[in-house]
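As stored in my_file-v2.cif (mmCIF, C-alpha atoms):
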data_input
#
loop_
_atom_site.group_PDB
_atom_site.id
_atom_site.type_symbol
_atom_site.label_atom_id
_atom_site.label_comp_id
_atom_site.auth_asym_id
_atom_site.auth_seq_id
_atom_site.Cartn_x
_atom_site.Cartn_y
_atom_site.Cartn_z
ATOM 1 C CA MET P 921 22.937 -44.200 48.483
ATOM 2 C CA HIS P 922 21.826 -41.156 46.511
ATOM 3 C CA PHE P 923 18.231 -42.342 46.066
ATOM 4 C CA CYS P 924 18.014 -43.556 49.667
ATOM 5 C CA GLU P 925 18.863 -40.108 50.967
ATOM 6 C CA LEU P 926 16.337 -38.444 48.643
ATOM 7 C CA TYR P 927 13.503 -40.755 49.719
ATOM 8 C CA GLY P 928 14.588 -41.050 53.360
ATOM 9 C CA GLU P 929 14.835 -44.848 53.152
ATOM 10 C CA ASP P 930 17.171 -47.467 54.587
ATOM 11 C CA PRO P 931 19.826 -48.351 51.951
ATOM 12 C CA TYR P 932 19.627 -52.066 52.873
ATOM 13 C CA SER P 933 15.916 -52.333 52.029
ATOM 14 C CA PHE P 934 15.689 -49.943 49.057
ATOM 15 C CA ALA P 935 15.039 -51.460 45.635
ATOM 16 C CA LEU P 936 16.287 -50.180 42.263
ATOM 17 C CA ASP P 937 15.094 -50.828 38.729
ATOM 18 C CA LEU P 938 18.352 -51.392 36.873
ATOM 19 C CA GLU P 939 18.889 -51.775 33.120
ATOM 20 C CA PHE P 940 22.199 -53.252 31.996
ATOM 21 C CA LYS P 941 23.841 -55.167 29.182
ATOM 22 C CA PHE P 942 26.984 -57.177 28.523
ATOM 23 C CA VAL P 943 29.068 -55.989 25.548
ATOM 24 C CA GLY P 944 31.694 -57.652 23.388
ATOM 25 C CA PRO P 945 33.571 -60.915 23.707
ATOM 26 C CA GLU P 946 34.962 -59.851 27.089
ATOM 27 C CA ARG P 947 31.348 -59.387 28.303
ATOM 28 C CA ALA P 948 31.944 -55.932 29.805
ATOM 29 C CA LEU P 949 29.080 -54.792 32.026
ATOM 30 C CA ILE P 950 27.406 -51.549 30.901
ATOM 31 C CA ILE P 951 24.805 -49.969 33.198
ATOM 32 C CA LYS P 952 22.281 -48.177 31.007
ATOM 33 C CA GLN P 953 19.775 -46.721 33.469
ATOM 34 C CA THR P 954 18.915 -46.858 37.160
ATOM 35 C CA ARG P 955 15.664 -45.731 38.772
ATOM 36 C CA PRO P 956 14.318 -46.078 42.285
ATOM 37 C CA TYR P 957 11.593 -48.696 42.599
ATOM 38 C CA TYR P 958 9.468 -46.841 45.106
ATOM 39 C CA GLN P 959 5.944 -47.802 46.048
ATOM 40 C CA ARG P 960 3.969 -45.562 48.349
ATOM 41 C CA THR P 961 1.907 -47.414 50.878
ATOM 42 C CA ASN P 962 -0.388 -44.520 51.837
ATOM 43 C CA ALA P 963 -1.574 -43.562 48.338
ATOM 44 C CA GLY P 964 -5.240 -42.723 48.121
ATOM 45 C CA PRO P 965 -7.721 -43.741 45.412
#

Rewrite the structure from the file as structure tokens, please.
Amino acid sequence: MHFCELYGEDPYSFALDLEFKFVGPERALIIKQTRPYYQRTNAGP
């Protein structure tokens, strides 16, 4: 939700680039980094 508000986008159509890993024998999920995957459609040359 945080990135959606910053970019003024709909949270149901906003993509994120997410880096994660599973750790240990219990396979705990660790989120390492999250970035908005934002592509401008009106970018000039």

Discussion item. Could you list, as an NGL selection string, every residue within 9 Å of P:Cys924, counting all atoms listed in the file and ignoring same-chain residues fewer than 5 positions away?
Written reply: :P and (929-931 or 934 or 956)

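Between atom CA of P:Gln953 and atom CA of P:Lys941 there is a distance of 10.3 Å.
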
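The two atoms in question, atom CA of P:Glu939 and atom CA of P:Lys952, are spaced 5.4 Å apart.
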
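From atom CA of P:Ala935 back to atom CA of P:Ile951, the distance works out to 15.9 Å.
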
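Distances here use all atoms listed in the file; by that measure, the residue among P:His922, P:Ser933, P:Gly928, P:Val943 closest to P:Arg955 is P:His922.
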
May I have the centre and edge lengths, in Å to one decimal, of an axis-aligned box around the listed atoms of stretch 946-955 of chain P with 5 Å added to every side, as AutoDock Vina command-line options?
--center_x 25.3 --center_y -52.8 --center_z 32.9 --size_x 29.3 --size_y 24.1 --size_z 21.7
